[in-house]
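What follows is a short report on a single structure.
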Amino acid sequence: MTWRRTKVKIVGVDCPSCVYAIEKKVKSKSHVRSFKLDVNTGVAEVEYDEDELSLRDLYTAIREAGYDVYKEKLYFDLKDLGAEGVPTLESRMLKKRGILDVKISLTTKIAVVTYNPLEVSREEVISELRELGAEPLEGALKEERRPSERLLLYRRLGSFIIGLIAVTLSMASMFAGEAQLLRGAEALTPFLAGLAISLNIDIVVRGWRSLSAALPVMDSLIALSVTSTFIAGLASLAGFLLLHGGLHASTFFEASAGVIGFIGLGKYLEERLRKRALGALEALATSLKGHVRVVVGESTVEKPLSEVKPGEVVEVRAGEVILVDGVVVEGQGYVDESSFTGEPVPRVKRGETRDPVLAGSALLSGYLRVRATRVGSETFIANLMEAVREAEYLKPRLARMADKVVGYFTWIVLGTALATLAYWWIGYGDLQWAVMFTAAVLTVACPCALGIATPLVISLAVLRSSREGILVRAGAVFERVLSSDVVVFDKTGTLTVGKPVLLAVHAVKDVDLEKVLYLACSLESRSEHPLARAIIEGCAKKGVKPGEPEEYVHIPGEGVYGVVEGVEIAIGSPELASRLGAALSDEVMNLIRSIGSRGNTPVLVILGSEVVAVLEVGDVPRKEALEVIEGLKKRGYRVGLASGDVEASVSYYKELFELDFAYWALKPNDKAELMKDLQRRDHKAIFVGDGINDAPAIGVANVGVAMGCGAEISREAGDVVLVGNDLRALLFLLDFSKTVKSKMMQNIAWAFAYNVVLIPIAAGALFTSFHLFITPQLAALAMILSDISVVANALTILRSRAWKK
């Protein structure tokens with residue numbers, strides 16, 4: 001053991017109960033030997049075993065208690081680090097003294113380092129990272145600038161159209177044989193080829209850059225093919241290359257324009273899958289902006305949220321959204337935290353118990369004063385959004401394999417082209433044939449078919465899936481779905497409807513149930529509680545119209561009491577019955593236990609001092625849930641449940657659906673850790689959820705599936721969104737993914753086979769024996785036909801059989 005003592009300043013501490021809450025949470029972590037917190041200064045001294053715990057673990061524990069730590073941030077540019085060095089940076093930095101957190105975006109290669117200024121200085125942090133090759137960025141992290149998607153569409157589509165025109169014009173002139181048409185083609189095609197290349201210059205530059213670094217990728221072969229054919233065209237126009245046998249300069253230019261044009265379209269199809277995953281997140285962040293009322297003395301002052309500082313007290317009224325993380329210091333009320341907990345029943349928050357609240361939750365009724373502990377980018381929801389924002393787009397494995405093979409293939413093609421040039425020029429002394437065969441090799445070896453083989457299939461698969469109410473957000477989904485072996489569902493809002501309803505009315509005494517319902521609905525008509533709404537809606541379905549209560553009293557956390565048509569009635573929890581002196585008979589207690597075992601809520605109806613009925617209110621399973629679970633099991637998946645709800649409710653649904661496993665009382669990070677634990681045990685899990693609390697698990701799962709009715713942040717974290725909220729679409733996705741993978745493999749196999757067969761012929765392997773050869777224009781035609789075959793095969797995906805709704 002290596003014991004380390006550190007000091008941190010905790011924000012929002014103002015009473016001994018705060019100290020107790022934080023100490024309890026920190027000491028719940030094993031390997032913490034001591035914790036001392038000064039309530040006056042907020043400075044805490046912690047001693048912990050640094051071999052077992054990191055400062056991040058303590059930081060997380062304090063945040064989970066509803067408070068925050070005074071900290072500072074630095075931003076670092078990691079672009080000069082090798083890709084293999086970036087993933088290890090986080091673990092190495094977290095071991096450094098004073099580092100609270102490190103977040104690295106592999107896309108932007110920017111690291112956000114949060115550190116404890118009481119323990120380490122800014123200069124020390126910068127020094128540590130500079131040793132690893134990272135350079136500090138001045139100012140706050142700014143959003144990555146991206147080219148306009150519309151501009152990208154115009155460029156890619158424009159180059160495709162230009163390439164198509166060039167090929168058509170050249171082919172027409174060749175087959176027509178008219179001198180005037182030929183001269184027109186030779187005049188236009190150089191311009192068209194140059195324009196098509198300029199529209200996709202990023203692809204060409206990237207390809208040559210990779211080639212010059214001896215790290216060829218697919219773009220390298222594109223650049224090589226386009227550049228060589230364009231130069232050959234210029235050479236023929238200038239008279240350096242004399243052509244005969246029907247060849248003309250436009251042959252080379254149309255090959256160049258066609259290659260870059262069709263590749264441009266393929267690239268656009270691929271890049272369309274890299275959609276921004278931040279649109280709804282930014283909308284959610286915007287909804288958490290605005291003004292708040294800050295308590296100053298005996299009055300309140302309205303301030304922009306951006307000006308609120310930790311430690312200030314904010315006033316929240318019924319119906320308002322809470323805009324800061326903090327602790328309740330005054331008042332009480334029902335707070336809807338369903339976006340975080342996944343549960344539809346609001347929770348009572350009281351000032352006397354210093355209950356924590358989170359930004360993004362809503363105060364349904366009551367009045368609260370909240371001492372802010374975290375604001376803006378430091379709130380719990382902001383951290384969730386950042387975690388989702390850093391999610392990476394992944395190409396399908398087959399596409400990555402194609403990229404890798406093309407890296408070698410480029411060198412093979414280049415070597416073949418040089419060998420062809422040398423063989424026919426030096427061996428046979430014929431420069432024209434040498435140039436023609438070399439150009440044919442480079443043209444026929446164009447990776448256009450290979451380039452669009454997988455992106456086109458994926459694009460069409462995404463389109464086909466959308467027709468079934470499935471939004472696929474990442475190209476790798478179709479392959480990752482097939483590699484998965486476990487499906488884990490959230491409960492509320494995923495396997496269930498997510499809305500409490502009146503399920504049953506259990507009579508305890510010999511009473512008129514319709515009369516009891518009338519009295520109950522009349523009293524509940526004044527309440528804003530979700531359980532009250534469920535009871536009122538249940539009455540409406542039974543044809544019971546509520547009256548107007550003569551008296552109404554709301555007792556927070558227990559229920560309501562009042563008088564309806566002269567009858568004293570109370571509706572609520574067993575605690576309310578005890579307050580009113582109503583005895584809980586064995587029959588009532590059995591009903592309470594029985595209802596609780598099903599995961600539902602018992603609501604007692606008390607007339608006078610007697611419990612006359614127990615209303616059973618709860619969530620209901622989705623009608624298709626059992627069918628989907630059975631379908632998953634038939635397909636060989638293990639199916640489980642991970643919920644933030646209590647054990648009784650989760651256990652009930654585990655038995656109801658005959659699930660393989662179930663976990664309860666899970667926080668958002670617990671669900672994410674469950675996904676990671678499954679991965680450590682060599683399982684690949686699909687997680688299906690709907691709430692903000694599911695976003696971390698959705699983000700780290702092998703495949704994250706979000707319900708369309710769920711929170712915006714969970715939908716943005718998901719690789720897949722079930723827009724129609726029908727779980728049967730998941731079964732379609734599993735079966736459809738097999739078709740998608742099959743089409744990708746067919747296209748890649750065809751693209752490679754095409755090159756393997758035609759490259760030797762293009763090099764003149766059959767020329768001396770059979771006088772068979774491929775001219776550059778025929779090579780271009782073969783390339784186009786190859787593209788057409790790939791596209792035609794991909795289009796068959798659109799005819800895939802739909803699932804029965």
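Residue numbers start at 1 in each chain; chains themselves are named A, B, ... in the order of the structure tokens; ligands are numbered from 1 in the order shown.
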
Worksheet item: What's the 10 Å shell around Lys542 in chain A, counting only C-alpha atoms, without same-chain residues fewer than 5 positions away, as a ChimeraX atom specification?
Response: /A:514,517,536-537

Next, the residues of the selection above should be written as a PDB file, in the first residue's frame with C-alpha atoms.
```
ATOM      1  CA  GLU A 514     -67.730   2.725  -8.068  1.00  0.00           C
ATOM      2  CA  LEU A 517     -63.516   5.474  -7.224  1.00  0.00           C
ATOM      3  CA  ILE A 536     -58.022   9.947 -12.807  1.00  0.00           C
ATOM      4  CA  GLU A 537     -57.362   8.414 -16.242  1.00  0.00           C
TER       5      GLU A 537
END
```

Discussion item. Set the distance at 6 Å and use only C-alpha atoms: which residues neighbour range 559-569 of chain A once local chain neighbours fewer than 2 positions away are removed? I'd like the list as a VMD selection string.
Written reply: chain A and resid 549 to 555 571 to 572 606 to 608

Practice prompt. Using only C-alpha atoms, determine which residues lie at most 6 Å from range 316-329 of chain A, disregarding the query and same-chain residues fewer than 6 positions distant; provide the list as JSON, numbers by chain.
Written response: {"A": [288, 351, 354, 355, 356, 357, 358, 359, 360, 361, 362, 363, 364, 365, 366, 367, 368, 369, 370, 371, 372, 373, 374, 375, 379]}

Worksheet entry | For Val501 in chain A, the nearest of the candidates A:Val617, A:Val8, A:Leu421, A:Ala439, counting only C-alpha atoms | A:Val617

Worksheet item: Could you state the separation of CA of Val314 in chain A and CA of Glu23 in chain A in Å, given to one decimal place?
Response: 24.9 Å

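Across the structure, CA of Ala613 in chain A and CA of Glu655 in chain A are spaced 27.3 Å apart.
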
Fill in: 9 Å contact set for Val295 in chain A, only C-alpha atoms, chain neighbours under 6 positions out, as a PyMOL selection string
chain A and resi 301-302+312-315+369

Fill in: Long-range neighbours of Val69 in chain A as a list in words, 9 Å cut-off, only C-alpha atoms, 6 positions minimum in chain
Val8, Lys9, Ile10, Val11, Tyr59, Ile62, Arg63, Asn116, Thr373 and Arg374 of chain A

Keeping all heavy atoms for every residue in the selection just given, could you write it to a file as a short mmCIF file (atom, residue, chain, number, x, y, z; two decimals), in the first residue's frame?
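Output contents, as saved in part39.cif:
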```cif
data_model
loop_
_atom_site.label_atom_id
_atom_site.label_comp_id
_atom_site.auth_asym_id
_atom_site.auth_seq_id
_atom_site.Cartn_x
_atom_site.Cartn_y
_atom_site.Cartn_z
N VAL A 8 -8.54 18.89 -1.23
CA VAL A 8 -9.42 19.39 -2.28
C VAL A 8 -10.40 20.37 -1.66
O VAL A 8 -10.76 20.24 -0.48
CB VAL A 8 -10.20 18.26 -2.99
CG1 VAL A 8 -9.27 17.36 -3.76
CG2 VAL A 8 -11.02 17.45 -1.99
N LYS A 9 -10.83 21.34 -2.44
CA LYS A 9 -11.82 22.29 -1.96
C LYS A 9 -13.17 21.91 -2.55
O LYS A 9 -13.35 21.92 -3.76
CB LYS A 9 -11.45 23.72 -2.35
CG LYS A 9 -12.41 24.76 -1.76
CD LYS A 9 -11.93 26.18 -2.02
CE LYS A 9 -12.89 27.18 -1.37
NZ LYS A 9 -12.45 28.58 -1.59
N ILE A 10 -14.13 21.59 -1.64
CA ILE A 10 -15.44 21.14 -2.08
C ILE A 10 -16.40 22.34 -2.11
O ILE A 10 -16.49 23.11 -1.16
CB ILE A 10 -15.98 20.03 -1.16
CG1 ILE A 10 -15.00 18.85 -1.16
CG2 ILE A 10 -17.36 19.58 -1.60
CD1 ILE A 10 -15.38 17.74 -0.23
N VAL A 11 -17.13 22.46 -3.22
CA VAL A 11 -18.04 23.59 -3.43
C VAL A 11 -19.44 23.24 -2.94
O VAL A 11 -19.94 22.14 -3.21
CB VAL A 11 -18.08 23.97 -4.92
CG1 VAL A 11 -19.03 25.14 -5.14
CG2 VAL A 11 -16.70 24.31 -5.42
N TYR A 59 -12.93 12.16 -6.77
CA TYR A 59 -13.65 13.24 -7.45
C TYR A 59 -15.04 12.78 -7.85
O TYR A 59 -16.04 13.47 -7.66
CB TYR A 59 -12.82 13.67 -8.65
CG TYR A 59 -13.48 14.64 -9.61
CD1 TYR A 59 -14.05 15.83 -9.17
CD2 TYR A 59 -13.49 14.38 -10.98
CE1 TYR A 59 -14.62 16.71 -10.05
CE2 TYR A 59 -14.06 15.27 -11.87
CZ TYR A 59 -14.63 16.43 -11.40
OH TYR A 59 -15.19 17.30 -12.29
N ILE A 62 -17.39 12.46 -4.78
CA ILE A 62 -17.88 13.77 -4.30
C ILE A 62 -18.98 14.28 -5.21
O ILE A 62 -19.99 14.82 -4.75
CB ILE A 62 -16.71 14.77 -4.23
CG1 ILE A 62 -15.72 14.34 -3.13
CG2 ILE A 62 -17.22 16.19 -3.95
CD1 ILE A 62 -14.42 15.11 -3.13
N ARG A 63 -18.84 14.09 -6.51
CA ARG A 63 -19.87 14.52 -7.45
C ARG A 63 -21.14 13.70 -7.27
O ARG A 63 -22.25 14.22 -7.41
CB ARG A 63 -19.36 14.41 -8.89
CG ARG A 63 -18.32 15.46 -9.25
CD ARG A 63 -17.85 15.29 -10.69
NE ARG A 63 -18.92 15.53 -11.64
CZ ARG A 63 -19.22 16.71 -12.17
NH1 ARG A 63 -18.53 17.78 -11.82
NH2 ARG A 63 -20.18 16.83 -13.06
N ASN A 116 -6.42 19.55 -9.87
CA ASN A 116 -6.66 20.15 -8.57
C ASN A 116 -5.59 21.20 -8.29
O ASN A 116 -4.44 20.84 -8.01
CB ASN A 116 -6.64 19.06 -7.49
CG ASN A 116 -6.79 19.62 -6.10
OD1 ASN A 116 -7.24 20.76 -5.91
ND2 ASN A 116 -6.41 18.82 -5.10
N THR A 373 -24.09 23.82 -6.74
CA THR A 373 -22.77 23.21 -6.54
C THR A 373 -22.03 23.05 -7.87
O THR A 373 -20.81 23.04 -7.90
CB THR A 373 -22.90 21.83 -5.87
OG1 THR A 373 -23.74 20.99 -6.67
CG2 THR A 373 -23.50 21.97 -4.48
N ARG A 374 -22.81 22.91 -8.94
CA ARG A 374 -22.20 22.80 -10.27
C ARG A 374 -23.09 23.56 -11.26
O ARG A 374 -24.31 23.42 -11.23
CB ARG A 374 -22.07 21.34 -10.71
CG ARG A 374 -21.19 20.50 -9.82
CD ARG A 374 -20.98 19.11 -10.41
NE ARG A 374 -22.19 18.32 -10.46
CZ ARG A 374 -22.47 17.31 -9.64
NH1 ARG A 374 -21.62 17.00 -8.68
NH2 ARG A 374 -23.58 16.63 -9.76
#
```

Practice prompt. Could you tell me how far CA of Arg622 in chain A lies from CA of Cys539 in chain A, in Å and to one decimal?
Written response: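 Interatomic distance, CA of Arg622 in chain A to CA of Cys539 in chain A: 21.8 Å.
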
What are the closest atom pairs, with distances in Å to one decimal, for each residue of range 546-634 of chain A lying within 10 Å of range 478-490 of chain A, using only C-alpha atoms, rows by chain and rising residue number, as CSV?
```
residue,atom,partner,partner_atom,distance
A:Ile629,CA,A:Val487,CA,9.2
A:Leu632,CA,A:Val487,CA,8.1
A:Lys633,CA,A:Val487,CA,9.6
```

Those same residues, written as a PDB file, in the first residue's frame with N, CA, C and O atoms?
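Once written, result30.pdb looks like this:
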```pdb
ATOM      1  N   ILE A 629     -38.406 -10.738 -26.767  1.00  0.00           N
ATOM      2  CA  ILE A 629     -37.473 -11.487 -25.915  1.00  0.00           C
ATOM      3  C   ILE A 629     -37.398 -12.944 -26.343  1.00  0.00           C
ATOM      4  O   ILE A 629     -36.317 -13.539 -26.423  1.00  0.00           O
ATOM      5  N   LEU A 632     -35.346 -13.116 -29.512  1.00  0.00           N
ATOM      6  CA  LEU A 632     -33.914 -12.983 -29.250  1.00  0.00           C
ATOM      7  C   LEU A 632     -33.327 -14.294 -28.750  1.00  0.00           C
ATOM      8  O   LEU A 632     -32.231 -14.700 -29.150  1.00  0.00           O
ATOM      9  N   LYS A 633     -34.053 -14.949 -27.864  1.00  0.00           N
ATOM     10  CA  LYS A 633     -33.559 -16.217 -27.326  1.00  0.00           C
ATOM     11  C   LYS A 633     -33.483 -17.279 -28.422  1.00  0.00           C
ATOM     12  O   LYS A 633     -32.537 -18.077 -28.453  1.00  0.00           O
TER      13      LYS A 633
END
```
